[in-house]
$ cat start.cif   # mmCIF, N, CA and C atoms and all ligand atoms
data_target
#
loop_
_atom_site.label_atom_id
_atom_site.label_comp_id
_atom_site.auth_asym_id
_atom_site.auth_seq_id
_atom_site.Cartn_x
_atom_site.Cartn_y
_atom_site.Cartn_z
N MET A 1 3.69 53.92 -95.46
CA MET A 1 2.44 54.55 -95.01
C MET A 1 2.75 55.69 -94.06
N THR A 2 2.03 56.81 -94.22
CA THR A 2 2.17 57.90 -93.25
C THR A 2 0.81 58.17 -92.62
N ARG A 3 0.86 58.52 -91.36
CA ARG A 3 -0.36 58.90 -90.64
C ARG A 3 -0.05 60.17 -89.86
N GLU A 4 -1.06 61.02 -89.70
CA GLU A 4 -0.84 62.27 -89.00
C GLU A 4 -1.74 62.35 -87.77
N ALA A 5 -1.11 62.63 -86.64
CA ALA A 5 -1.84 62.89 -85.39
C ALA A 5 -1.88 64.40 -85.19
N THR A 6 -3.02 64.92 -84.77
CA THR A 6 -3.13 66.36 -84.53
C THR A 6 -3.87 66.62 -83.22
N CYS A 7 -3.66 67.83 -82.70
CA CYS A 7 -4.42 68.28 -81.53
C CYS A 7 -5.83 68.67 -81.96
N SER A 8 -6.62 69.11 -81.00
CA SER A 8 -8.00 69.49 -81.32
C SER A 8 -8.06 70.63 -82.33
N CYS A 9 -7.18 71.62 -82.19
CA CYS A 9 -7.28 72.82 -83.04
C CYS A 9 -6.45 72.72 -84.31
N GLY A 10 -5.59 71.73 -84.41
CA GLY A 10 -4.81 71.54 -85.64
C GLY A 10 -3.46 72.23 -85.66
N ASN A 11 -3.12 72.96 -84.60
CA ASN A 11 -1.81 73.63 -84.55
C ASN A 11 -0.67 72.63 -84.47
N LEU A 12 -0.81 71.65 -83.59
CA LEU A 12 0.25 70.67 -83.34
C LEU A 12 0.00 69.42 -84.17
N ARG A 13 0.97 69.08 -85.01
CA ARG A 13 0.80 67.96 -85.95
C ARG A 13 2.02 67.05 -85.87
N VAL A 14 1.76 65.78 -85.87
CA VAL A 14 2.83 64.79 -85.75
C VAL A 14 2.65 63.78 -86.88
N LEU A 15 3.59 63.80 -87.80
CA LEU A 15 3.52 62.92 -88.97
C LEU A 15 4.37 61.68 -88.70
N CYS A 16 3.77 60.51 -88.86
CA CYS A 16 4.46 59.25 -88.54
C CYS A 16 4.57 58.40 -89.81
N THR A 17 5.74 57.87 -90.03
CA THR A 17 5.98 57.05 -91.21
C THR A 17 6.12 55.59 -90.80
N GLY A 18 5.52 54.70 -91.55
CA GLY A 18 5.62 53.28 -91.26
C GLY A 18 4.63 52.86 -90.19
N GLU A 19 4.78 51.64 -89.74
CA GLU A 19 3.86 51.10 -88.74
C GLU A 19 4.42 51.35 -87.34
N PRO A 20 3.53 51.50 -86.34
CA PRO A 20 4.03 51.67 -84.96
C PRO A 20 4.80 50.43 -84.49
N GLU A 21 5.82 50.65 -83.68
CA GLU A 21 6.58 49.54 -83.10
C GLU A 21 5.70 48.76 -82.12
N LEU A 22 4.79 49.50 -81.48
CA LEU A 22 3.96 48.89 -80.43
C LEU A 22 2.73 49.77 -80.24
N VAL A 23 1.58 49.15 -80.02
CA VAL A 23 0.39 49.90 -79.61
C VAL A 23 -0.07 49.29 -78.29
N SER A 24 -0.18 50.13 -77.27
CA SER A 24 -0.42 49.63 -75.93
C SER A 24 -1.55 50.42 -75.27
N LEU A 25 -2.40 49.69 -74.57
CA LEU A 25 -3.52 50.30 -73.86
C LEU A 25 -3.18 50.34 -72.38
N CYS A 26 -3.34 51.51 -71.77
CA CYS A 26 -2.99 51.64 -70.36
C CYS A 26 -4.18 52.14 -69.56
N HIS A 27 -4.49 51.38 -68.50
CA HIS A 27 -5.63 51.72 -67.64
C HIS A 27 -5.24 52.58 -66.45
N CYS A 28 -3.98 52.95 -66.31
CA CYS A 28 -3.55 53.59 -65.06
C CYS A 28 -4.24 54.94 -64.85
N ILE A 29 -4.28 55.36 -63.60
CA ILE A 29 -4.99 56.59 -63.27
C ILE A 29 -4.33 57.79 -63.96
N ALA A 30 -3.01 57.79 -64.07
CA ALA A 30 -2.33 58.92 -64.73
C ALA A 30 -2.77 59.03 -66.19
N CYS A 31 -2.94 57.90 -66.87
CA CYS A 31 -3.42 57.96 -68.26
C CYS A 31 -4.88 58.40 -68.31
N GLN A 32 -5.66 57.99 -67.32
CA GLN A 32 -7.05 58.47 -67.26
C GLN A 32 -7.07 59.98 -67.11
N LYS A 33 -6.19 60.51 -66.27
CA LYS A 33 -6.13 61.97 -66.08
C LYS A 33 -5.66 62.67 -67.34
N ARG A 34 -4.67 62.08 -68.01
CA ARG A 34 -4.13 62.71 -69.22
C ARG A 34 -5.19 62.84 -70.30
N THR A 35 -5.99 61.77 -70.47
CA THR A 35 -6.91 61.73 -71.60
C THR A 35 -8.31 62.23 -71.25
N SER A 36 -8.63 62.31 -69.96
CA SER A 36 -10.02 62.51 -69.50
C SER A 36 -10.90 61.34 -69.92
N ALA A 37 -10.32 60.25 -70.33
CA ALA A 37 -11.05 59.06 -70.77
C ALA A 37 -10.74 57.92 -69.78
N PRO A 38 -11.50 56.82 -69.83
CA PRO A 38 -11.27 55.73 -68.87
C PRO A 38 -9.97 54.97 -69.08
N TYR A 39 -9.31 55.16 -70.21
CA TYR A 39 -7.99 54.56 -70.44
C TYR A 39 -7.30 55.31 -71.57
N GLY A 40 -6.02 55.10 -71.70
CA GLY A 40 -5.27 55.70 -72.79
C GLY A 40 -4.72 54.63 -73.71
N VAL A 41 -4.58 54.96 -74.98
CA VAL A 41 -3.95 54.05 -75.93
C VAL A 41 -2.83 54.81 -76.61
N ALA A 42 -1.64 54.24 -76.57
CA ALA A 42 -0.47 54.90 -77.12
C ALA A 42 0.14 54.07 -78.24
N ALA A 43 0.57 54.76 -79.28
CA ALA A 43 1.33 54.12 -80.36
C ALA A 43 2.77 54.60 -80.24
N PHE A 44 3.68 53.67 -80.27
CA PHE A 44 5.10 54.00 -80.15
C PHE A 44 5.76 53.93 -81.52
N PHE A 45 6.42 55.04 -81.88
CA PHE A 45 7.16 55.11 -83.14
C PHE A 45 8.60 55.49 -82.82
N LEU A 46 9.54 54.96 -83.59
CA LEU A 46 10.92 55.42 -83.47
C LEU A 46 10.97 56.90 -83.82
N LYS A 47 11.79 57.65 -83.08
CA LYS A 47 11.83 59.10 -83.27
C LYS A 47 12.20 59.49 -84.69
N GLN A 48 13.03 58.69 -85.34
CA GLN A 48 13.43 59.07 -86.70
C GLN A 48 12.30 58.90 -87.71
N HIS A 49 11.21 58.26 -87.30
CA HIS A 49 10.06 58.10 -88.19
C HIS A 49 8.96 59.12 -87.91
N VAL A 50 9.27 60.12 -87.08
CA VAL A 50 8.27 61.08 -86.62
C VAL A 50 8.73 62.50 -86.94
N GLU A 51 7.82 63.29 -87.49
CA GLU A 51 8.11 64.68 -87.82
C GLU A 51 7.05 65.55 -87.14
N VAL A 52 7.53 66.48 -86.30
CA VAL A 52 6.61 67.30 -85.50
C VAL A 52 6.55 68.70 -86.09
N SER A 53 5.36 69.26 -86.21
CA SER A 53 5.24 70.67 -86.59
C SER A 53 4.21 71.35 -85.70
N GLY A 54 4.35 72.66 -85.52
CA GLY A 54 3.47 73.41 -84.65
C GLY A 54 4.10 73.59 -83.28
N SER A 55 3.53 74.50 -82.51
CA SER A 55 4.11 74.82 -81.20
C SER A 55 3.47 73.97 -80.10
N TYR A 56 4.25 73.71 -79.08
CA TYR A 56 3.73 72.91 -77.96
C TYR A 56 4.45 73.27 -76.67
N LYS A 57 3.83 72.90 -75.58
CA LYS A 57 4.44 73.05 -74.26
C LYS A 57 4.70 71.67 -73.69
N ASN A 58 5.47 71.65 -72.60
CA ASN A 58 5.89 70.38 -72.00
C ASN A 58 5.36 70.24 -70.58
N TYR A 59 5.04 69.01 -70.23
CA TYR A 59 4.71 68.68 -68.84
C TYR A 59 5.46 67.41 -68.49
N ARG A 60 6.31 67.50 -67.46
CA ARG A 60 7.12 66.34 -67.09
C ARG A 60 6.62 65.77 -65.78
N ARG A 61 6.47 64.46 -65.74
CA ARG A 61 6.11 63.82 -64.47
C ARG A 61 6.90 62.54 -64.30
N SER A 62 6.96 62.11 -63.05
CA SER A 62 7.62 60.83 -62.78
C SER A 62 6.60 59.71 -62.97
N SER A 63 7.07 58.48 -62.94
CA SER A 63 6.16 57.34 -63.06
C SER A 63 6.55 56.29 -62.03
N ASP A 64 5.62 55.36 -61.82
CA ASP A 64 5.87 54.27 -60.87
C ASP A 64 7.12 53.49 -61.24
N ALA A 65 7.36 53.39 -62.54
CA ALA A 65 8.48 52.58 -63.02
C ALA A 65 9.82 53.26 -62.78
N GLY A 66 9.81 54.52 -62.34
CA GLY A 66 11.05 55.20 -62.02
C GLY A 66 11.62 56.03 -63.16
N TYR A 67 10.97 56.03 -64.31
CA TYR A 67 11.42 56.81 -65.46
C TYR A 67 10.44 57.95 -65.69
N ASP A 68 10.96 59.15 -65.90
CA ASP A 68 10.08 60.28 -66.15
C ASP A 68 9.44 60.19 -67.54
N LEU A 69 8.35 60.91 -67.67
CA LEU A 69 7.68 61.06 -68.96
C LEU A 69 7.57 62.56 -69.23
N VAL A 70 7.81 62.95 -70.47
CA VAL A 70 7.67 64.36 -70.85
C VAL A 70 6.56 64.44 -71.90
N PHE A 71 5.46 65.06 -71.49
CA PHE A 71 4.28 65.17 -72.37
C PHE A 71 4.34 66.48 -73.14
N HIS A 72 3.92 66.42 -74.38
CA HIS A 72 3.91 67.61 -75.24
C HIS A 72 2.46 67.90 -75.62
N PHE A 73 2.03 69.11 -75.28
CA PHE A 73 0.63 69.47 -75.53
C PHE A 73 0.54 70.82 -76.23
N CYS A 74 -0.51 70.97 -77.00
CA CYS A 74 -0.74 72.21 -77.75
C CYS A 74 -1.00 73.35 -76.76
N ALA A 75 -0.26 74.44 -76.94
CA ALA A 75 -0.42 75.58 -76.03
C ALA A 75 -1.74 76.30 -76.28
N ARG A 76 -2.35 76.06 -77.42
CA ARG A 76 -3.59 76.76 -77.76
C ARG A 76 -4.81 75.99 -77.25
N CYS A 77 -4.89 74.68 -77.55
CA CYS A 77 -6.11 73.93 -77.20
C CYS A 77 -5.88 72.93 -76.07
N GLY A 78 -4.64 72.67 -75.71
CA GLY A 78 -4.35 71.83 -74.55
C GLY A 78 -4.28 70.34 -74.81
N SER A 79 -4.52 69.88 -76.04
CA SER A 79 -4.46 68.43 -76.29
C SER A 79 -3.02 67.93 -76.17
N THR A 80 -2.85 66.84 -75.42
CA THR A 80 -1.57 66.14 -75.43
C THR A 80 -1.55 65.22 -76.63
N VAL A 81 -0.64 65.46 -77.55
CA VAL A 81 -0.60 64.67 -78.78
C VAL A 81 0.48 63.61 -78.70
N PHE A 82 1.64 63.97 -78.12
CA PHE A 82 2.72 62.98 -78.07
C PHE A 82 3.58 63.22 -76.84
N TRP A 83 4.38 62.21 -76.51
CA TRP A 83 5.22 62.34 -75.33
C TRP A 83 6.43 61.45 -75.45
N GLU A 84 7.38 61.69 -74.53
CA GLU A 84 8.63 60.95 -74.53
C GLU A 84 8.72 60.14 -73.25
N PRO A 85 8.62 58.83 -73.37
CA PRO A 85 8.83 57.96 -72.22
C PRO A 85 10.34 57.75 -72.07
N LEU A 86 10.92 58.29 -71.01
CA LEU A 86 12.39 58.25 -70.92
C LEU A 86 12.92 56.83 -70.73
N ARG A 87 12.00 55.90 -70.45
CA ARG A 87 12.37 54.48 -70.41
C ARG A 87 12.68 53.96 -71.82
N LYS A 88 12.08 54.61 -72.83
CA LYS A 88 12.32 54.24 -74.23
C LYS A 88 12.83 55.48 -74.95
N PRO A 89 14.09 55.85 -74.75
CA PRO A 89 14.59 57.14 -75.25
C PRO A 89 14.61 57.27 -76.76
N ASP A 90 14.52 56.17 -77.49
CA ASP A 90 14.52 56.27 -78.96
C ASP A 90 13.11 56.37 -79.54
N MET A 91 12.09 56.44 -78.66
CA MET A 91 10.71 56.40 -79.12
C MET A 91 9.93 57.64 -78.71
N PHE A 92 8.98 58.01 -79.56
CA PHE A 92 7.89 58.89 -79.15
C PHE A 92 6.65 58.02 -78.96
N ALA A 93 5.87 58.37 -77.95
CA ALA A 93 4.54 57.79 -77.81
C ALA A 93 3.55 58.81 -78.34
N ILE A 94 2.56 58.34 -79.06
CA ILE A 94 1.56 59.23 -79.65
C ILE A 94 0.18 58.71 -79.27
N GLY A 95 -0.65 59.61 -78.78
CA GLY A 95 -2.00 59.20 -78.38
C GLY A 95 -2.79 58.75 -79.59
N VAL A 96 -3.32 57.54 -79.55
CA VAL A 96 -3.97 56.97 -80.73
C VAL A 96 -5.20 57.79 -81.13
N GLY A 97 -5.91 58.36 -80.17
CA GLY A 97 -7.07 59.19 -80.50
C GLY A 97 -6.71 60.39 -81.34
N SER A 98 -5.48 60.87 -81.21
CA SER A 98 -5.05 62.06 -81.96
C SER A 98 -4.96 61.80 -83.46
N PHE A 99 -4.93 60.53 -83.86
CA PHE A 99 -4.92 60.22 -85.29
C PHE A 99 -6.33 60.36 -85.90
N GLY A 100 -7.34 60.29 -85.06
CA GLY A 100 -8.71 60.40 -85.57
C GLY A 100 -9.02 59.34 -86.61
N ASP A 101 -8.48 58.15 -86.42
CA ASP A 101 -8.57 57.10 -87.44
C ASP A 101 -9.08 55.81 -86.82
N PRO A 102 -10.38 55.51 -87.01
CA PRO A 102 -10.92 54.27 -86.42
C PRO A 102 -10.27 53.00 -86.95
N GLY A 103 -9.52 53.10 -88.06
CA GLY A 103 -8.83 51.93 -88.60
C GLY A 103 -7.41 51.78 -88.10
N PHE A 104 -7.02 52.59 -87.13
CA PHE A 104 -5.64 52.51 -86.61
C PHE A 104 -5.40 51.13 -86.01
N PRO A 105 -4.19 50.58 -86.15
CA PRO A 105 -3.91 49.25 -85.57
C PRO A 105 -4.28 49.18 -84.09
N LYS A 106 -4.88 48.07 -83.71
CA LYS A 106 -5.38 47.94 -82.34
C LYS A 106 -4.23 47.64 -81.36
N PRO A 107 -4.45 47.92 -80.08
CA PRO A 107 -3.43 47.58 -79.09
C PRO A 107 -3.25 46.07 -78.98
N ARG A 108 -2.00 45.65 -78.83
CA ARG A 108 -1.69 44.23 -78.67
C ARG A 108 -1.39 43.88 -77.22
N LYS A 109 -1.33 44.90 -76.36
CA LYS A 109 -1.17 44.61 -74.94
C LYS A 109 -1.90 45.66 -74.14
N GLU A 110 -2.28 45.30 -72.92
CA GLU A 110 -2.85 46.28 -72.00
C GLU A 110 -2.12 46.16 -70.67
N VAL A 111 -1.99 47.30 -70.01
CA VAL A 111 -1.25 47.31 -68.74
C VAL A 111 -2.07 48.05 -67.68
N HIS A 112 -1.69 47.84 -66.43
CA HIS A 112 -2.39 48.42 -65.26
C HIS A 112 -3.86 48.01 -65.26
N THR A 113 -4.10 46.71 -65.50
CA THR A 113 -5.48 46.22 -65.56
C THR A 113 -6.18 46.31 -64.21
N ASP A 114 -5.41 46.50 -63.14
CA ASP A 114 -6.03 46.67 -61.81
C ASP A 114 -6.88 47.94 -61.77
N CYS A 115 -6.63 48.87 -62.67
CA CYS A 115 -7.39 50.13 -62.72
C CYS A 115 -8.45 50.13 -63.83
N ARG A 116 -8.67 48.96 -64.45
CA ARG A 116 -9.64 48.90 -65.56
C ARG A 116 -11.05 49.14 -65.04
N HIS A 117 -11.79 50.01 -65.68
CA HIS A 117 -13.19 50.24 -65.30
C HIS A 117 -13.97 48.95 -65.50
N ALA A 118 -14.94 48.72 -64.61
CA ALA A 118 -15.64 47.43 -64.57
C ALA A 118 -16.36 47.13 -65.88
N TRP A 119 -16.79 48.14 -66.61
CA TRP A 119 -17.56 47.91 -67.83
C TRP A 119 -16.68 47.73 -69.06
N VAL A 120 -15.35 47.93 -68.91
CA VAL A 120 -14.44 47.79 -70.04
C VAL A 120 -14.02 46.33 -70.16
N LYS A 121 -14.22 45.75 -71.33
CA LYS A 121 -13.88 44.34 -71.55
C LYS A 121 -12.36 44.16 -71.61
N PRO A 122 -11.84 43.06 -71.07
CA PRO A 122 -10.41 42.78 -71.24
C PRO A 122 -10.07 42.72 -72.72
N LEU A 123 -8.88 43.16 -73.04
CA LEU A 123 -8.41 43.18 -74.43
C LEU A 123 -8.17 41.75 -74.90
N ASP A 124 -8.64 41.45 -76.10
CA ASP A 124 -8.32 40.17 -76.72
C ASP A 124 -7.25 40.47 -77.79
N PRO A 125 -5.98 40.23 -77.45
CA PRO A 125 -4.92 40.66 -78.37
C PRO A 125 -4.93 39.88 -79.68
N MET A 126 -5.61 38.72 -79.73
CA MET A 126 -5.58 37.90 -80.93
C MET A 126 -6.67 38.30 -81.92
N SER A 127 -7.74 38.94 -81.46
CA SER A 127 -8.82 39.27 -82.37
C SER A 127 -8.37 40.42 -83.28
N THR A 128 -9.05 40.55 -84.40
CA THR A 128 -8.65 41.62 -85.33
C THR A 128 -9.23 42.96 -84.90
ZN ZN A 201 -4.27 72.69 -80.57
ZN ZN A 202 -0.84 54.72 -67.95
#

$ encode --input "start.cif" --output "structure tokens" --more "lines below"
Ligand SMILES: [Zn+2]
Ligand SMILES: [Zn+2]
Amino acid sequence: MTREATCSCGNLRVLCTGEPELVSLCHCIACQKRTSAPYGVAAFFLKQHVEVSGSYKNYRRSSDAGYDLVFHFCARCGSTVFWEPLRKPDMFAIGVGSFGDPGFPKPRKEVHTDCRHAWVKPLDPMST
């Protein structure tokens, strides 16, 4: 199976083959800032299963865990489509919203629940 994640304008495209290794929901404030949404959801794919096309710029930041993250965003429309968590050097993380696919596999874990908005229900990892 292949799925394609794209930025808002379609310049930056990330083609992913196979199923994600992990889908994770993060409530942290940095993910809220990245997405402009109350939480972020990331799909992790092995780099060899990912093909990137289009131009992008980079934004690097540190994290609480001590490993930097390098975000890749479209220079034209500004969407962050994918990034490199240096804690997992063999993986790309891809923003699940960038797939534009309501049938995308759901997150099986959530992190930084201390920052979860009060109206957001806790994740039930067992439900479909
Ligand atoms: Zn774009
Ligand atoms: Zn986060």

$ residues_around --input "start.cif" --residues "Thr17 in chain A" --least-positions-apart "3" --cutoff "7 Å" --atoms "all atoms listed in the file" --output "list in words"
Met1, Thr2, Arg3, Pro20, His49, Val50 and Glu51 of chain A

$ residues_near_ligand --input "start.cif" --ligand "ligand ZN 202 (chain A)" --cutoff "6 Å" --atoms "all atoms listed in the file" --output "number ranges by chain"
A: 26-32

$ write_last_selection --input "start.cif" --atoms "N, CA and C atoms" --output "CSV table (one decimal), in the coordinates of the input"
chain,number,residue,atom,x,y,z
A,26,CYS,N,-3.3,51.5,-71.8
A,26,CYS,CA,-3.0,51.6,-70.4
A,26,CYS,C,-4.2,52.1,-69.6
A,27,HIS,N,-4.5,51.4,-68.5
A,27,HIS,CA,-5.6,51.7,-67.6
A,27,HIS,C,-5.2,52.6,-66.4
A,28,CYS,N,-4.0,53.0,-66.3
A,28,CYS,CA,-3.6,53.6,-65.1
A,28,CYS,C,-4.2,54.9,-64.8
A,29,ILE,N,-4.3,55.4,-63.6
A,29,ILE,CA,-5.0,56.6,-63.3
A,29,ILE,C,-4.3,57.8,-64.0
A,30,ALA,N,-3.0,57.8,-64.1
A,30,ALA,CA,-2.3,58.9,-64.7
A,30,ALA,C,-2.8,59.0,-66.2
A,31,CYS,N,-2.9,57.9,-66.9
A,31,CYS,CA,-3.4,58.0,-68.3
A,31,CYS,C,-4.9,58.4,-68.3
A,32,GLN,N,-5.7,58.0,-67.3
A,32,GLN,CA,-7.0,58.5,-67.3
A,32,GLN,C,-7.1,60.0,-67.1

$ atom_distance --input "start.cif" --atom1 "atom C of Trp119 in chain A" --atom2 "CA of Asp101 in chain A"
22.2 Å

$ closest_residue --input "start.cif" --among "A:Asp68, A:Glu4, A:Glu110, A:Glu84" --to "Leu22 in chain A" --atoms "only C-alpha atoms"
A:Glu110

$ residues_near_ligand --input "start.cif" --ligand "ligand ZN 201 (chain A)" --cutoff "5 Å" --atoms "only N, CA and C atoms and all ligand atoms" --output "short mmCIF file (atom, residue, chain, number, x, y, z; two decimals) with N, CA and C atoms, in the frame of the given file"
data_model
loop_
_atom_site.label_atom_id
_atom_site.label_comp_id
_atom_site.auth_asym_id
_atom_site.auth_seq_id
_atom_site.Cartn_x
_atom_site.Cartn_y
_atom_site.Cartn_z
N CYS A 7 -3.66 67.83 -82.70
CA CYS A 7 -4.42 68.28 -81.53
C CYS A 7 -5.83 68.67 -81.96
N SER A 8 -6.62 69.11 -81.00
CA SER A 8 -8.00 69.49 -81.32
C SER A 8 -8.06 70.63 -82.33
N CYS A 9 -7.18 71.62 -82.19
CA CYS A 9 -7.28 72.82 -83.04
C CYS A 9 -6.45 72.72 -84.31
N GLY A 10 -5.59 71.73 -84.41
CA GLY A 10 -4.81 71.54 -85.64
C GLY A 10 -3.46 72.23 -85.66
N ASN A 11 -3.12 72.96 -84.60
CA ASN A 11 -1.81 73.63 -84.55
C ASN A 11 -0.67 72.63 -84.47
N LEU A 12 -0.81 71.65 -83.59
CA LEU A 12 0.25 70.67 -83.34
C LEU A 12 0.00 69.42 -84.17
N CYS A 74 -0.51 70.97 -77.00
CA CYS A 74 -0.74 72.21 -77.75
C CYS A 74 -1.00 73.35 -76.76
N ARG A 76 -2.35 76.06 -77.42
CA ARG A 76 -3.59 76.76 -77.76
C ARG A 76 -4.81 75.99 -77.25
N CYS A 77 -4.89 74.68 -77.55
CA CYS A 77 -6.11 73.93 -77.20
C CYS A 77 -5.88 72.93 -76.07
N GLY A 78 -4.64 72.67 -75.71
CA GLY A 78 -4.35 71.83 -74.55
C GLY A 78 -4.28 70.34 -74.81
#

$ residues_around --input "start.cif" --residues "Val41 in chain A" --least-positions-apart "4" --cutoff "12 Å" --atoms "only C-alpha atoms" --output "ChimeraX atom specification"
/A:22-28,31-32,34-35,37,81-82,93-99,104-111,123

$ write_last_selection --input "start.cif" --atoms "N, CA and C atoms" --output "compact mmCIF listing (two decimals), in the frame of the given file"
# COMPACT_ATOMS: atom_id res chain seq x y z
N LEU A 22 4.79 49.50 -81.48
CA LEU A 22 3.96 48.89 -80.43
C LEU A 22 2.73 49.77 -80.24
N VAL A 23 1.58 49.15 -80.02
CA VAL A 23 0.39 49.90 -79.61
C VAL A 23 -0.07 49.29 -78.29
N SER A 24 -0.18 50.13 -77.27
CA SER A 24 -0.42 49.63 -75.93
C SER A 24 -1.55 50.42 -75.27
N LEU A 25 -2.40 49.69 -74.57
CA LEU A 25 -3.52 50.30 -73.86
C LEU A 25 -3.18 50.34 -72.38
N CYS A 26 -3.34 51.51 -71.77
CA CYS A 26 -2.99 51.64 -70.36
C CYS A 26 -4.18 52.14 -69.56
N HIS A 27 -4.49 51.38 -68.50
CA HIS A 27 -5.63 51.72 -67.64
C HIS A 27 -5.24 52.58 -66.45
N CYS A 28 -3.98 52.95 -66.31
CA CYS A 28 -3.55 53.59 -65.06
C CYS A 28 -4.24 54.94 -64.85
N CYS A 31 -2.94 57.90 -66.87
CA CYS A 31 -3.42 57.96 -68.26
C CYS A 31 -4.88 58.40 -68.31
N GLN A 32 -5.66 57.99 -67.32
CA GLN A 32 -7.05 58.47 -67.26
C GLN A 32 -7.07 59.98 -67.11
N ARG A 34 -4.67 62.08 -68.01
CA ARG A 34 -4.13 62.71 -69.22
C ARG A 34 -5.19 62.84 -70.30
N THR A 35 -5.99 61.77 -70.47
CA THR A 35 -6.91 61.73 -71.60
C THR A 35 -8.31 62.23 -71.25
N ALA A 37 -10.32 60.25 -70.33
CA ALA A 37 -11.05 59.06 -70.77
C ALA A 37 -10.74 57.92 -69.78
N VAL A 81 -0.64 65.46 -77.55
CA VAL A 81 -0.60 64.67 -78.78
C VAL A 81 0.48 63.61 -78.70
N PHE A 82 1.64 63.97 -78.12
CA PHE A 82 2.72 62.98 -78.07
C PHE A 82 3.58 63.22 -76.84
N ALA A 93 5.87 58.37 -77.95
CA ALA A 93 4.54 57.79 -77.81
C ALA A 93 3.55 58.81 -78.34
N ILE A 94 2.56 58.34 -79.06
CA ILE A 94 1.56 59.23 -79.65
C ILE A 94 0.18 58.71 -79.27
N GLY A 95 -0.65 59.61 -78.78
CA GLY A 95 -2.00 59.20 -78.38
C GLY A 95 -2.79 58.75 -79.59
N VAL A 96 -3.32 57.54 -79.55
CA VAL A 96 -3.97 56.97 -80.73
C VAL A 96 -5.20 57.79 -81.13
N GLY A 97 -5.91 58.36 -80.17
CA GLY A 97 -7.07 59.19 -80.50
C GLY A 97 -6.71 60.39 -81.34
N SER A 98 -5.48 60.87 -81.21
CA SER A 98 -5.05 62.06 -81.96
C SER A 98 -4.96 61.80 -83.46
N PHE A 99 -4.93 60.53 -83.86
CA PHE A 99 -4.92 60.22 -85.29
C PHE A 99 -6.33 60.36 -85.90
N PHE A 104 -7.02 52.59 -87.13
CA PHE A 104 -5.64 52.51 -86.61
C PHE A 104 -5.40 51.13 -86.01
N PRO A 105 -4.19 50.58 -86.15
CA PRO A 105 -3.91 49.25 -85.57
C PRO A 105 -4.28 49.18 -84.09
N LYS A 106 -4.88 48.07 -83.71
CA LYS A 106 -5.38 47.94 -82.34
C LYS A 106 -4.23 47.64 -81.36
N PRO A 107 -4.45 47.92 -80.08
CA PRO A 107 -3.43 47.58 -79.09
C PRO A 107 -3.25 46.07 -78.98
N ARG A 108 -2.00 45.65 -78.83
CA ARG A 108 -1.69 44.23 -78.67
C ARG A 108 -1.39 43.88 -77.22
N LYS A 109 -1.33 44.90 -76.36
CA LYS A 109 -1.17 44.61 -74.94
C LYS A 109 -1.90 45.66 -74.14
N GLU A 110 -2.28 45.30 -72.92
CA GLU A 110 -2.85 46.28 -72.00
C GLU A 110 -2.12 46.16 -70.67
N VAL A 111 -1.99 47.30 -70.01
CA VAL A 111 -1.25 47.31 -68.74
C VAL A 111 -2.07 48.05 -67.68
N LEU A 123 -8.88 43.16 -73.04
CA LEU A 123 -8.41 43.18 -74.43
C LEU A 123 -8.17 41.75 -74.90

$ atom_distance --input "start.cif" --atom1 "CA of Glu19 in chain A" --atom2 "CA of Phe73 in chain A"
22.9 Å

$ closest_residue --input "start.cif" --among "A:Met91, A:Gly66, A:Pro38, A:Arg60" --to "Lys121 in chain A" --atoms "only C-alpha atoms"
A:Pro38

$ closest_residue --input "start.cif" --among "A:Gly100, A:Phe92, A:Thr128, A:Tyr56" --to "Ala42 in chain A" --atoms "all atoms listed in the file"
A:Phe92

$ closest_residue --input "start.cif" --among "A:Ser127, A:Asp114, A:Asp90, A:Ala75" --to "Lys47 in chain A" --atoms "all atoms listed in the file"
A:Asp90

$ closest_residue --input "start.cif" --among "A:Pro85, A:Arg13, A:Tyr39, A:Thr80" --to "His117 in chain A" --atoms "all atoms listed in the file"
A:Tyr39

$ atom_distance --input "start.cif" --atom1 "CA of Phe45 in chain A" --atom2 "CA of Cys16 in chain A"
7.3 Å

$ select_by_dssp --input "start.cif" --residues "chain A" --states "strand (DSSP E or B)" --output "ChimeraX atom specification"
/A:2-6,13-17,22-26,40-46,50-53,57-61,69-73,80-85,91-95,109-111

$ select_by_dssp --input "start.cif" --residues "chain A" --states "alpha helix (DSSP H)" --output "list in words"
Ile29, Ala30, Cys31, Gln32, Lys33, Arg34 and Thr35 of chain A

$ axis_aligned_box --input "start.cif" --around "range 87-99 of chain A" --padding-each-side "4 Å" --output "JSON"
{"center_x": 3.8, "center_y": 58.0, "center_z": -78.2, "size_x": 29.7, "size_y": 16.1, "size_z": 23.5}

$ residues_around --input "start.cif" --residues "Glu21 in chain A" --least-positions-apart "6" --cutoff "7 Å" --atoms "only N, CA and C atoms" --output "list in words"
Ala43, Phe44, Phe45 and Leu46 of chain A

$ closest_residue --input "start.cif" --among "A:Thr113, A:Ala65, A:Ser36, A:Met126" --to "Ser79 in chain A" --atoms "only C-alpha atoms"
A:Ser36

$ decode --input "start.cif" --residues "range 64-76 of chain A" --atoms "C-alpha atoms" --output "PDB file, in the first residue's frame"
ATOM      1  CA  ASP A  64      12.665  17.847  26.432  1.00  0.00           C
ATOM      2  CA  ALA A  65      13.976  14.373  25.730  1.00  0.00           C
ATOM      3  CA  GLY A  66      17.363  15.809  24.729  1.00  0.00           C
ATOM      4  CA  TYR A  67      17.188  14.871  21.042  1.00  0.00           C
ATOM      5  CA  ASP A  68      16.741  17.508  18.370  1.00  0.00           C
ATOM      6  CA  LEU A  69      13.976  17.426  15.802  1.00  0.00           C
ATOM      7  CA  VAL A  70      14.366  18.729  12.251  1.00  0.00           C
ATOM      8  CA  PHE A  71      11.067  19.800  10.707  1.00  0.00           C
ATOM      9  CA  HIS A  72      10.605  20.069   6.961  1.00  0.00           C
ATOM     10  CA  PHE A  73       8.047  22.545   5.694  1.00  0.00           C
ATOM     11  CA  CYS A  74       6.938  23.802   2.306  1.00  0.00           C
ATOM     12  CA  ALA A  75       8.669  27.078   1.482  1.00  0.00           C
ATOM     13  CA  ARG A  76       5.614  28.206  -0.462  1.00  0.00           C
TER      14      ARG A  76
END
